[in-house]
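Data from work-v4.cif: mmCIF, C-alpha atoms
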```cif
data_final
#
loop_
_atom_site.group_PDB
_atom_site.id
_atom_site.type_symbol
_atom_site.label_atom_id
_atom_site.label_comp_id
_atom_site.auth_asym_id
_atom_site.auth_seq_id
_atom_site.Cartn_x
_atom_site.Cartn_y
_atom_site.Cartn_z
ATOM 1 C CA ALA A 1 -3.362 -52.454 -53.625
ATOM 2 C CA GLN A 2 -1.535 -54.124 -56.448
ATOM 3 C CA THR A 3 -2.955 -56.849 -58.651
ATOM 4 C CA VAL A 4 -1.200 -59.295 -60.951
ATOM 5 C CA THR A 5 -3.025 -61.059 -63.768
ATOM 6 C CA GLN A 6 -1.897 -64.097 -65.710
ATOM 7 C CA SER A 7 -4.472 -64.872 -68.362
ATOM 8 C CA GLN A 8 -3.089 -68.206 -69.558
ATOM 9 C CA PRO A 9 -3.947 -71.014 -67.111
ATOM 10 C CA GLU A 10 -2.083 -73.589 -69.208
ATOM 11 C CA MET A 11 0.202 -73.684 -72.222
ATOM 12 C CA SER A 12 1.796 -76.561 -74.093
ATOM 13 C CA VAL A 13 4.649 -76.417 -76.606
ATOM 14 C CA GLN A 14 7.083 -78.816 -78.234
ATOM 15 C CA GLU A 15 10.615 -79.155 -76.971
ATOM 16 C CA ALA A 16 13.032 -76.620 -78.525
ATOM 17 C CA GLU A 17 10.228 -74.190 -79.373
ATOM 18 C CA THR A 18 9.957 -70.671 -78.029
ATOM 19 C CA VAL A 19 7.075 -69.808 -75.709
ATOM 20 C CA THR A 20 5.870 -66.545 -74.217
ATOM 21 C CA LEU A 21 3.937 -66.294 -70.964
ATOM 22 C CA SER A 22 1.943 -63.133 -70.372
ATOM 23 C CA CYS A 23 1.516 -61.068 -67.235
ATOM 24 C CA THR A 24 -0.124 -57.733 -66.565
ATOM 25 C CA TYR A 25 -0.212 -55.819 -63.331
ATOM 26 C CA ASP A 26 -1.827 -52.792 -61.837
ATOM 27 C CA THR A 27 -0.156 -50.369 -59.456
ATOM 28 C CA SER A 28 0.000 -46.671 -58.698
ATOM 29 C CA GLU A 29 3.621 -46.905 -57.589
ATOM 30 C CA SER A 30 6.539 -45.771 -59.708
ATOM 31 C CA ASN A 31 9.273 -47.795 -57.996
ATOM 32 C CA TYR A 32 8.770 -51.554 -57.869
ATOM 33 C CA TYR A 33 10.163 -54.923 -58.865
ATOM 34 C CA LEU A 34 8.731 -57.677 -61.026
ATOM 35 C CA PHE A 35 9.659 -61.333 -60.910
ATOM 36 C CA TRP A 36 8.991 -64.624 -62.614
ATOM 37 C CA TYR A 37 9.130 -67.664 -60.373
ATOM 38 C CA LYS A 38 9.037 -71.302 -61.454
ATOM 39 C CA GLN A 39 7.409 -74.020 -59.326
ATOM 40 C CA PRO A 40 8.108 -77.563 -60.564
ATOM 41 C CA PRO A 41 6.270 -80.603 -59.158
ATOM 42 C CA SER A 42 8.687 -80.608 -56.225
ATOM 43 C CA ARG A 43 6.883 -77.373 -55.149
ATOM 44 C CA GLN A 44 10.178 -75.528 -54.678
ATOM 45 C CA MET A 45 9.618 -71.919 -55.786
ATOM 46 C CA ILE A 46 12.635 -70.890 -57.857
ATOM 47 C CA LEU A 47 13.430 -67.405 -59.098
ATOM 48 C CA VAL A 48 13.710 -67.304 -62.892
ATOM 49 C CA ILE A 49 14.260 -63.627 -63.598
ATOM 50 C CA ARG A 50 13.760 -60.183 -62.071
ATOM 51 C CA GLN A 51 13.196 -56.698 -63.428
ATOM 52 C CA GLU A 52 13.567 -53.351 -61.674
ATOM 53 C CA ALA A 53 10.920 -50.906 -62.848
ATOM 54 C CA TYR A 54 13.417 -48.053 -63.120
ATOM 55 C CA LYS A 55 15.494 -49.988 -65.651
ATOM 56 C CA GLN A 56 14.425 -49.624 -69.259
ATOM 57 C CA GLN A 57 16.544 -52.527 -70.457
ATOM 58 C CA ASN A 58 14.764 -55.862 -70.448
ATOM 59 C CA ALA A 59 16.296 -58.483 -68.163
ATOM 60 C CA THR A 60 17.839 -61.628 -69.648
ATOM 61 C CA GLU A 61 19.021 -64.838 -67.995
ATOM 62 C CA ASN A 62 20.341 -67.386 -70.477
ATOM 63 C CA ARG A 63 17.261 -68.794 -72.305
ATOM 64 C CA PHE A 64 14.874 -66.596 -70.338
ATOM 65 C CA SER A 65 14.090 -62.990 -71.180
ATOM 66 C CA VAL A 66 11.330 -60.535 -70.406
ATOM 67 C CA ASN A 67 9.454 -57.917 -72.371
ATOM 68 C CA PHE A 68 8.788 -55.168 -69.846
ATOM 69 C CA GLN A 69 6.370 -52.499 -71.026
ATOM 70 C CA LYS A 70 6.028 -50.096 -68.105
ATOM 71 C CA ALA A 71 3.408 -47.816 -69.642
ATOM 72 C CA ALA A 72 1.248 -50.787 -70.567
ATOM 73 C CA LYS A 73 1.989 -52.492 -67.214
ATOM 74 C CA SER A 74 2.931 -55.647 -69.024
ATOM 75 C CA PHE A 75 5.699 -58.103 -68.094
ATOM 76 C CA SER A 76 5.899 -61.176 -70.325
ATOM 77 C CA LEU A 77 8.399 -64.024 -70.067
ATOM 78 C CA LYS A 78 9.963 -65.578 -73.145
ATOM 79 C CA ILE A 79 11.570 -69.002 -72.923
ATOM 80 C CA SER A 80 13.765 -69.884 -75.889
ATOM 81 C CA ASP A 81 14.811 -73.393 -76.903
ATOM 82 C CA SER A 82 12.412 -74.865 -74.341
ATOM 83 C CA GLN A 83 13.496 -78.008 -72.507
ATOM 84 C CA LEU A 84 11.577 -80.789 -70.786
ATOM 85 C CA GLY A 85 12.848 -79.498 -67.447
ATOM 86 C CA ASP A 86 11.039 -76.223 -68.056
ATOM 87 C CA THR A 87 7.733 -77.979 -67.373
ATOM 88 C CA ALA A 88 6.352 -76.262 -64.265
ATOM 89 C CA MET A 89 3.963 -73.652 -62.921
ATOM 90 C CA TYR A 90 5.194 -70.144 -63.660
ATOM 91 C CA PHE A 91 4.169 -67.265 -61.432
ATOM 92 C CA CYS A 92 4.492 -63.578 -62.123
ATOM 93 C CA ALA A 93 5.005 -61.516 -58.977
ATOM 94 C CA PHE A 94 5.126 -57.850 -57.962
ATOM 95 C CA ARG A 95 6.930 -56.219 -55.093
ATOM 96 C CA SER A 96 6.892 -52.606 -53.986
ATOM 97 C CA GLY A 97 10.158 -50.767 -54.090
ATOM 98 C CA GLY A 98 10.893 -50.265 -50.443
ATOM 99 C CA GLY A 99 11.663 -52.191 -47.311
ATOM 100 C CA ALA A 100 10.615 -55.770 -46.826
ATOM 101 C CA ASP A 101 7.299 -55.783 -48.628
ATOM 102 C CA GLY A 102 5.962 -59.187 -49.561
ATOM 103 C CA LEU A 103 5.144 -60.370 -53.058
ATOM 104 C CA THR A 104 1.808 -60.173 -54.849
ATOM 105 C CA PHE A 105 1.428 -63.170 -57.152
ATOM 106 C CA GLY A 106 -0.643 -63.981 -60.209
ATOM 107 C CA LYS A 107 -2.576 -67.239 -60.400
ATOM 108 C CA GLY A 108 0.121 -68.896 -62.457
ATOM 109 C CA THR A 109 0.508 -70.539 -65.853
ATOM 110 C CA HIS A 110 1.044 -74.279 -66.118
ATOM 111 C CA LEU A 111 3.632 -74.757 -68.843
ATOM 112 C CA ILE A 112 4.011 -78.207 -70.364
ATOM 113 C CA ILE A 113 6.935 -78.985 -72.654
ATOM 114 C CA GLN A 114 6.152 -81.938 -74.910
ATOM 115 C CA PRO A 115 8.961 -84.223 -76.142
ATOM 116 C CA GLU B 1 18.351 -76.074 -52.234
ATOM 117 C CA THR B 2 17.727 -72.362 -51.776
ATOM 118 C CA GLY B 3 19.081 -72.028 -48.253
ATOM 119 C CA VAL B 4 15.607 -71.892 -46.705
ATOM 120 C CA THR B 5 14.531 -75.057 -44.883
ATOM 121 C CA GLN B 6 11.014 -75.846 -43.733
ATOM 122 C CA THR B 7 9.914 -78.630 -41.394
ATOM 123 C CA PRO B 8 7.930 -80.747 -41.448
ATOM 124 C CA ARG B 9 7.381 -81.325 -45.154
ATOM 125 C CA HIS B 10 3.990 -82.905 -44.538
ATOM 126 C CA LEU B 11 1.585 -82.518 -41.614
ATOM 127 C CA VAL B 12 -1.823 -84.001 -40.928
ATOM 128 C CA MET B 13 -3.633 -82.597 -37.933
ATOM 129 C CA GLY B 14 -7.053 -82.718 -36.379
ATOM 130 C CA MET B 15 -9.108 -79.604 -35.825
ATOM 131 C CA THR B 16 -8.433 -79.660 -32.086
ATOM 132 C CA ASN B 17 -4.670 -80.181 -32.349
ATOM 133 C CA LYS B 18 -1.897 -77.667 -31.815
ATOM 134 C CA LYS B 19 1.130 -77.869 -34.080
ATOM 135 C CA SER B 20 3.922 -75.616 -35.301
ATOM 136 C CA LEU B 21 5.640 -75.108 -38.631
ATOM 137 C CA LYS B 22 9.299 -74.173 -38.625
ATOM 138 C CA CYS B 23 11.371 -72.210 -41.107
ATOM 139 C CA GLU B 24 15.120 -71.634 -40.950
ATOM 140 C CA GLN B 25 17.438 -69.679 -43.211
ATOM 141 C CA HIS B 26 21.196 -69.216 -43.163
ATOM 142 C CA LEU B 27 21.425 -66.673 -45.957
ATOM 143 C CA GLY B 28 21.988 -63.681 -43.713
ATOM 144 C CA HIS B 29 18.584 -62.264 -44.581
ATOM 145 C CA ASN B 30 16.646 -60.079 -42.177
ATOM 146 C CA ALA B 31 13.156 -60.320 -43.653
ATOM 147 C CA MET B 32 11.040 -63.462 -43.442
ATOM 148 C CA TYR B 33 7.592 -64.260 -44.773
ATOM 149 C CA TRP B 34 4.770 -66.792 -44.556
ATOM 150 C CA TYR B 35 2.652 -67.490 -47.650
ATOM 151 C CA LYS B 36 -0.348 -69.768 -48.116
ATOM 152 C CA GLN B 37 -0.820 -71.602 -51.414
ATOM 153 C CA SER B 38 -4.262 -73.114 -51.913
ATOM 154 C CA ALA B 39 -5.516 -74.938 -54.976
ATOM 155 C CA LYS B 40 -6.767 -72.640 -57.747
ATOM 156 C CA LYS B 41 -5.851 -69.466 -55.825
ATOM 157 C CA PRO B 42 -2.845 -67.162 -56.038
ATOM 158 C CA LEU B 43 -0.255 -67.390 -53.307
ATOM 159 C CA GLU B 44 -1.418 -65.276 -50.397
ATOM 160 C CA LEU B 45 0.973 -63.315 -48.222
ATOM 161 C CA MET B 46 0.166 -63.985 -44.556
ATOM 162 C CA PHE B 47 2.851 -62.365 -42.420
ATOM 163 C CA VAL B 48 6.011 -60.318 -42.838
ATOM 164 C CA TYR B 49 8.825 -59.959 -40.320
ATOM 165 C CA ASN B 50 11.590 -57.439 -40.749
ATOM 166 C CA PHE B 51 14.472 -57.582 -38.259
ATOM 167 C CA LYS B 52 12.305 -59.801 -36.010
ATOM 168 C CA GLU B 53 9.457 -57.285 -35.919
ATOM 169 C CA GLN B 54 6.128 -58.123 -37.500
ATOM 170 C CA THR B 55 5.456 -55.496 -40.157
ATOM 171 C CA GLU B 56 2.495 -57.019 -41.953
ATOM 172 C CA ASN B 57 -0.466 -59.202 -41.060
ATOM 173 C CA ASN B 58 -2.828 -59.667 -43.979
ATOM 174 C CA SER B 59 -6.023 -60.168 -41.971
ATOM 175 C CA VAL B 60 -5.010 -63.686 -41.036
ATOM 176 C CA PRO B 61 -7.298 -65.469 -38.527
ATOM 177 C CA SER B 62 -5.956 -65.683 -34.997
ATOM 178 C CA ARG B 63 -5.771 -69.476 -35.179
ATOM 179 C CA PHE B 64 -2.498 -68.791 -37.054
ATOM 180 C CA SER B 65 0.111 -67.302 -34.741
ATOM 181 C CA PRO B 66 3.570 -66.404 -36.080
ATOM 182 C CA GLU B 67 6.736 -66.133 -34.044
ATOM 183 C CA CYS B 68 10.140 -64.802 -35.072
ATOM 184 C CA PRO B 69 12.679 -65.276 -32.253
ATOM 185 C CA ASN B 70 15.613 -64.145 -34.407
ATOM 186 C CA SER B 71 16.341 -63.233 -38.014
ATOM 187 C CA SER B 72 17.134 -66.840 -38.950
ATOM 188 C CA HIS B 73 14.048 -68.584 -37.606
ATOM 189 C CA LEU B 74 10.341 -68.222 -38.197
ATOM 190 C CA PHE B 75 7.516 -70.297 -36.778
ATOM 191 C CA LEU B 76 3.830 -70.582 -37.536
ATOM 192 C CA HIS B 77 1.836 -71.905 -34.585
ATOM 193 C CA LEU B 78 -1.436 -73.567 -35.508
ATOM 194 C CA HIS B 79 -4.437 -74.276 -33.288
ATOM 195 C CA THR B 80 -8.100 -75.151 -33.834
ATOM 196 C CA LEU B 81 -7.699 -75.084 -37.591
ATOM 197 C CA GLN B 82 -10.480 -75.684 -40.085
ATOM 198 C CA PRO B 83 -10.467 -78.048 -43.091
ATOM 199 C CA GLU B 84 -10.292 -75.011 -45.422
ATOM 200 C CA ASP B 85 -6.895 -74.217 -43.907
ATOM 201 C CA SER B 86 -5.467 -77.242 -45.695
ATOM 202 C CA ALA B 87 -2.854 -75.865 -48.092
ATOM 203 C CA LEU B 88 0.838 -75.601 -48.872
ATOM 204 C CA TYR B 89 2.507 -73.138 -46.492
ATOM 205 C CA LEU B 90 5.610 -71.518 -47.888
ATOM 206 C CA CYS B 91 8.268 -69.639 -46.004
ATOM 207 C CA ALA B 92 10.557 -67.132 -47.707
ATOM 208 C CA SER B 93 13.358 -64.809 -46.747
ATOM 209 C CA SER B 94 15.023 -61.826 -48.347
ATOM 210 C CA ARG B 95 17.452 -59.030 -47.763
ATOM 211 C CA PRO B 96 15.253 -55.988 -47.131
ATOM 212 C CA GLY B 97 15.779 -52.766 -49.019
ATOM 213 C CA THR B 98 16.152 -51.838 -52.647
ATOM 214 C CA GLY B 99 18.528 -52.706 -55.420
ATOM 215 C CA GLN B 100 20.321 -55.908 -56.229
ATOM 216 C CA ASP B 101 19.925 -59.191 -54.379
ATOM 217 C CA THR B 102 16.669 -58.375 -52.631
ATOM 218 C CA GLU B 103 14.621 -61.130 -54.197
ATOM 219 C CA ALA B 104 12.866 -63.683 -52.019
ATOM 220 C CA PHE B 105 14.179 -67.218 -51.569
ATOM 221 C CA PHE B 106 11.582 -69.862 -50.760
ATOM 222 C CA GLY B 107 11.570 -73.057 -48.771
ATOM 223 C CA GLN B 108 10.016 -76.245 -50.124
ATOM 224 C CA GLY B 109 6.866 -75.767 -48.125
ATOM 225 C CA THR B 110 4.827 -77.727 -45.624
ATOM 226 C CA ARG B 111 1.825 -79.561 -47.029
ATOM 227 C CA LEU B 112 -0.816 -79.224 -44.303
ATOM 228 C CA THR B 113 -3.958 -81.327 -44.192
ATOM 229 C CA VAL B 114 -6.603 -80.591 -41.563
ATOM 230 C CA VAL B 115 -8.968 -83.483 -40.870
#
```

When written as structure tokens, how does the structure in this file appear?
Amino acid sequence: AQTVTQSQPEMSVQEAETVTLSCTYDTSESNYYLFWYKQPPSRQMILVIRQEAYKQQNATENRFSVNFQKAAKSFSLKISDSQLGDTAMYFCAFRSGGGADGLTFGKGTHLIIQP
Amino acid sequence: ETGVTQTPRHLVMGMTNKKSLKCEQHLGHNAMYWYKQSAKKPLELMFVYNFKEQTENNSVPSRFSPECPNSSHLFLHLHTLQPEDSALYLCASSRPGTGQDTEAFFGQGTRLTVV
């Protein structure tokens, strides 16, 4: 079974700063996907970024980027030029490579962007 | 809006009641999922349906009964629930398989309170 660990229950930064959220995972599989989801107070779970394990290049989506270290089983999320709207719970999630497997989530990090 | 709609948004029910949660997606996905989100716990995968067939049941008590009549609709039938079942229930859908565009899209959830 896979496990996902997020060791930062809460983080707070000033607007426009850069923040990095950490995530580690454990799996014996070689083919899998990793995701960061954002859950604002509305509770809508929104995909932020995804990474295929077979790709060495780190994924980037505008102000969001990841540092994927496959050997270390680490998958951190970097948010640049943080905005007030980035305030939310952030969940790291793992999915096996085949079929319609569900997601295994970490406990989440509550990110607060201060004005 | 992610294209996944859940109803109702809020539900209060007694322990002897029977109610149903509904999830609908028009994204052309063939995999659908139920997750439970409780306070201070990671999201828990409950059930997975792939092309209307249940492919995963994560040891969920029988008082939760899923139904998937077609690839666009998913129900969660509830009966004789316990107060500890109070949680946010999230539905998701995805395109099964590997590669691009297989990430899960979530509904806004049903906040369930058992009294």

**OP:** Skip Lys40 in chain B itself and residues of its chain fewer than 3 positions away, then list as a count of residues only all residues within 10 Å of it, counting all atoms listed in the file.
**Re:** 5

Original post:
Could you write out as number ranges by chain the residues that the PyMOL selection byres ((chain B) within 9 of (chain A)) matches in the shown file?
Top reply: B: 1-2, 30-33, 40-45, 47-50, 55-56, 88, 90, 94-99, 102-109

Original post:
Any idea what the distance is between CA of Ser74 in chain A and CA of Asp26 in chain A?
Top reply: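 Separating CA of Ser74 in chain A from CA of Asp26 in chain A is a distance of 9.1 Å.
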
**OP:** Starting from the displayed file, determine the output of the PyMOL selection byres ((chain B and resi 12) around 10) and express the residue list as a list in words.
**Re:** His10, Leu11, Met13, Gly14, Met15, Asn17, Lys19, Ser86, Arg111, Leu112, Thr113, Val114 and Val115 of chain B

**OP:** Using all atoms listed in the file, determine which residues lie at most 8 Å from range 63-65 of chain B, disregarding the query and same-chain residues fewer than 2 positions distant; provide the list as a ChimeraX atom specification.
**Re:** /B:60-61,67,76-81

How would range 35-70 of chain B look with N, CA and C atoms restored, written as a PDB file, keeping the file's coordinate frame?
```pdb
ATOM      1  N   TYR B  35       3.644 -67.526 -46.578  1.00  0.00           N
ATOM      2  CA  TYR B  35       2.652 -67.490 -47.650  1.00  0.00           C
ATOM      3  C   TYR B  35       1.795 -68.752 -47.557  1.00  0.00           C
ATOM      4  N   LYS B  36       0.550 -68.623 -48.018  1.00  0.00           N
ATOM      5  CA  LYS B  36      -0.348 -69.768 -48.116  1.00  0.00           C
ATOM      6  C   LYS B  36      -0.653 -70.001 -49.591  1.00  0.00           C
ATOM      7  N   GLN B  37      -0.511 -71.255 -50.032  1.00  0.00           N
ATOM      8  CA  GLN B  37      -0.820 -71.602 -51.414  1.00  0.00           C
ATOM      9  C   GLN B  37      -1.923 -72.646 -51.431  1.00  0.00           C
ATOM     10  N   SER B  38      -3.123 -72.216 -51.809  1.00  0.00           N
ATOM     11  CA  SER B  38      -4.262 -73.114 -51.913  1.00  0.00           C
ATOM     12  C   SER B  38      -4.506 -73.438 -53.376  1.00  0.00           C
ATOM     13  N   ALA B  39      -5.202 -74.544 -53.601  1.00  0.00           N
ATOM     14  CA  ALA B  39      -5.516 -74.938 -54.976  1.00  0.00           C
ATOM     15  C   ALA B  39      -6.355 -73.855 -55.652  1.00  0.00           C
ATOM     16  N   LYS B  40      -5.999 -73.561 -56.895  1.00  0.00           N
ATOM     17  CA  LYS B  40      -6.767 -72.640 -57.747  1.00  0.00           C
ATOM     18  C   LYS B  40      -6.820 -71.208 -57.206  1.00  0.00           C
ATOM     19  N   LYS B  41      -5.918 -70.843 -56.315  1.00  0.00           N
ATOM     20  CA  LYS B  41      -5.851 -69.466 -55.825  1.00  0.00           C
ATOM     21  C   LYS B  41      -4.414 -68.980 -55.893  1.00  0.00           C
ATOM     22  N   PRO B  42      -4.218 -67.677 -56.057  1.00  0.00           N
ATOM     23  CA  PRO B  42      -2.845 -67.162 -56.038  1.00  0.00           C
ATOM     24  C   PRO B  42      -2.230 -67.343 -54.656  1.00  0.00           C
ATOM     25  N   LEU B  43      -0.925 -67.378 -54.610  1.00  0.00           N
ATOM     26  CA  LEU B  43      -0.255 -67.390 -53.307  1.00  0.00           C
ATOM     27  C   LEU B  43      -0.678 -66.150 -52.525  1.00  0.00           C
ATOM     28  N   GLU B  44      -0.973 -66.373 -51.252  1.00  0.00           N
ATOM     29  CA  GLU B  44      -1.418 -65.276 -50.397  1.00  0.00           C
ATOM     30  C   GLU B  44      -0.361 -64.980 -49.350  1.00  0.00           C
ATOM     31  N   LEU B  45       0.048 -63.729 -49.273  1.00  0.00           N
ATOM     32  CA  LEU B  45       0.973 -63.315 -48.222  1.00  0.00           C
ATOM     33  C   LEU B  45       0.227 -63.295 -46.896  1.00  0.00           C
ATOM     34  N   MET B  46       0.812 -63.942 -45.872  1.00  0.00           N
ATOM     35  CA  MET B  46       0.166 -63.985 -44.556  1.00  0.00           C
ATOM     36  C   MET B  46       0.842 -63.005 -43.595  1.00  0.00           C
ATOM     37  N   PHE B  47       2.125 -63.174 -43.394  1.00  0.00           N
ATOM     38  CA  PHE B  47       2.851 -62.365 -42.420  1.00  0.00           C
ATOM     39  C   PHE B  47       4.212 -61.964 -42.976  1.00  0.00           C
ATOM     40  N   VAL B  48       4.682 -60.788 -42.504  1.00  0.00           N
ATOM     41  CA  VAL B  48       6.011 -60.318 -42.838  1.00  0.00           C
ATOM     42  C   VAL B  48       6.728 -59.937 -41.553  1.00  0.00           C
ATOM     43  N   TYR B  49       7.963 -60.377 -41.418  1.00  0.00           N
ATOM     44  CA  TYR B  49       8.825 -59.959 -40.320  1.00  0.00           C
ATOM     45  C   TYR B  49      10.053 -59.305 -40.894  1.00  0.00           C
ATOM     46  N   ASN B  50      10.411 -58.171 -40.331  1.00  0.00           N
ATOM     47  CA  ASN B  50      11.590 -57.439 -40.749  1.00  0.00           C
ATOM     48  C   ASN B  50      12.428 -57.156 -39.502  1.00  0.00           C
ATOM     49  N   PHE B  51      13.636 -57.704 -39.450  1.00  0.00           N
ATOM     50  CA  PHE B  51      14.472 -57.582 -38.259  1.00  0.00           C
ATOM     51  C   PHE B  51      13.698 -58.005 -37.002  1.00  0.00           C
ATOM     52  N   LYS B  52      13.041 -59.145 -37.103  1.00  0.00           N
ATOM     53  CA  LYS B  52      12.305 -59.801 -36.010  1.00  0.00           C
ATOM     54  C   LYS B  52      10.997 -59.098 -35.636  1.00  0.00           C
ATOM     55  N   GLU B  53      10.692 -57.977 -36.239  1.00  0.00           N
ATOM     56  CA  GLU B  53       9.457 -57.285 -35.919  1.00  0.00           C
ATOM     57  C   GLU B  53       8.405 -57.570 -36.991  1.00  0.00           C
ATOM     58  N   GLN B  54       7.184 -57.871 -36.543  1.00  0.00           N
ATOM     59  CA  GLN B  54       6.128 -58.123 -37.500  1.00  0.00           C
ATOM     60  C   GLN B  54       5.706 -56.797 -38.139  1.00  0.00           C
ATOM     61  N   THR B  55       5.794 -56.732 -39.457  1.00  0.00           N
ATOM     62  CA  THR B  55       5.456 -55.496 -40.157  1.00  0.00           C
ATOM     63  C   THR B  55       4.191 -55.622 -40.999  1.00  0.00           C
ATOM     64  N   GLU B  56       3.704 -56.843 -41.151  1.00  0.00           N
ATOM     65  CA  GLU B  56       2.495 -57.019 -41.953  1.00  0.00           C
ATOM     66  C   GLU B  56       1.744 -58.258 -41.496  1.00  0.00           C
ATOM     67  N   ASN B  57       0.437 -58.107 -41.374  1.00  0.00           N
ATOM     68  CA  ASN B  57      -0.466 -59.202 -41.060  1.00  0.00           C
ATOM     69  C   ASN B  57      -1.670 -59.006 -41.972  1.00  0.00           C
ATOM     70  N   ASN B  58      -1.788 -59.863 -42.971  1.00  0.00           N
ATOM     71  CA  ASN B  58      -2.828 -59.667 -43.979  1.00  0.00           C
ATOM     72  C   ASN B  58      -4.159 -60.265 -43.536  1.00  0.00           C
ATOM     73  N   SER B  59      -4.695 -59.749 -42.444  1.00  0.00           N
ATOM     74  CA  SER B  59      -6.023 -60.168 -41.971  1.00  0.00           C
ATOM     75  C   SER B  59      -6.098 -61.681 -41.805  1.00  0.00           C
ATOM     76  N   VAL B  60      -5.048 -62.236 -41.238  1.00  0.00           N
ATOM     77  CA  VAL B  60      -5.010 -63.686 -41.036  1.00  0.00           C
ATOM     78  C   VAL B  60      -5.748 -64.033 -39.743  1.00  0.00           C
ATOM     79  N   PRO B  61      -6.573 -65.083 -39.755  1.00  0.00           N
ATOM     80  CA  PRO B  61      -7.298 -65.469 -38.527  1.00  0.00           C
ATOM     81  C   PRO B  61      -6.340 -65.768 -37.381  1.00  0.00           C
ATOM     82  N   SER B  62      -6.821 -65.537 -36.171  1.00  0.00           N
ATOM     83  CA  SER B  62      -5.956 -65.683 -34.997  1.00  0.00           C
ATOM     84  C   SER B  62      -5.568 -67.124 -34.709  1.00  0.00           C
ATOM     85  N   ARG B  63      -6.174 -68.086 -35.369  1.00  0.00           N
ATOM     86  CA  ARG B  63      -5.771 -69.476 -35.179  1.00  0.00           C
ATOM     87  C   ARG B  63      -4.392 -69.742 -35.807  1.00  0.00           C
ATOM     88  N   PHE B  64      -3.870 -68.767 -36.554  1.00  0.00           N
ATOM     89  CA  PHE B  64      -2.498 -68.791 -37.054  1.00  0.00           C
ATOM     90  C   PHE B  64      -1.706 -67.756 -36.262  1.00  0.00           C
ATOM     91  N   SER B  65      -0.660 -68.204 -35.590  1.00  0.00           N
ATOM     92  CA  SER B  65       0.111 -67.302 -34.741  1.00  0.00           C
ATOM     93  C   SER B  65       1.586 -67.387 -35.100  1.00  0.00           C
ATOM     94  N   PRO B  66       2.164 -66.336 -35.700  1.00  0.00           N
ATOM     95  CA  PRO B  66       3.570 -66.404 -36.080  1.00  0.00           C
ATOM     96  C   PRO B  66       4.480 -66.027 -34.924  1.00  0.00           C
ATOM     97  N   GLU B  67       5.723 -66.487 -35.029  1.00  0.00           N
ATOM     98  CA  GLU B  67       6.736 -66.133 -34.044  1.00  0.00           C
ATOM     99  C   GLU B  67       8.078 -66.042 -34.760  1.00  0.00           C
ATOM    100  N   CYS B  68       8.829 -64.989 -34.455  1.00  0.00           N
ATOM    101  CA  CYS B  68      10.140 -64.802 -35.072  1.00  0.00           C
ATOM    102  C   CYS B  68      11.151 -64.489 -33.976  1.00  0.00           C
ATOM    103  N   PRO B  69      11.763 -65.508 -33.371  1.00  0.00           N
ATOM    104  CA  PRO B  69      12.679 -65.276 -32.253  1.00  0.00           C
ATOM    105  C   PRO B  69      13.987 -64.601 -32.658  1.00  0.00           C
ATOM    106  N   ASN B  70      14.409 -64.798 -33.886  1.00  0.00           N
ATOM    107  CA  ASN B  70      15.613 -64.145 -34.407  1.00  0.00           C
ATOM    108  C   ASN B  70      15.515 -64.091 -35.925  1.00  0.00           C
TER     109      ASN B  70
END
```
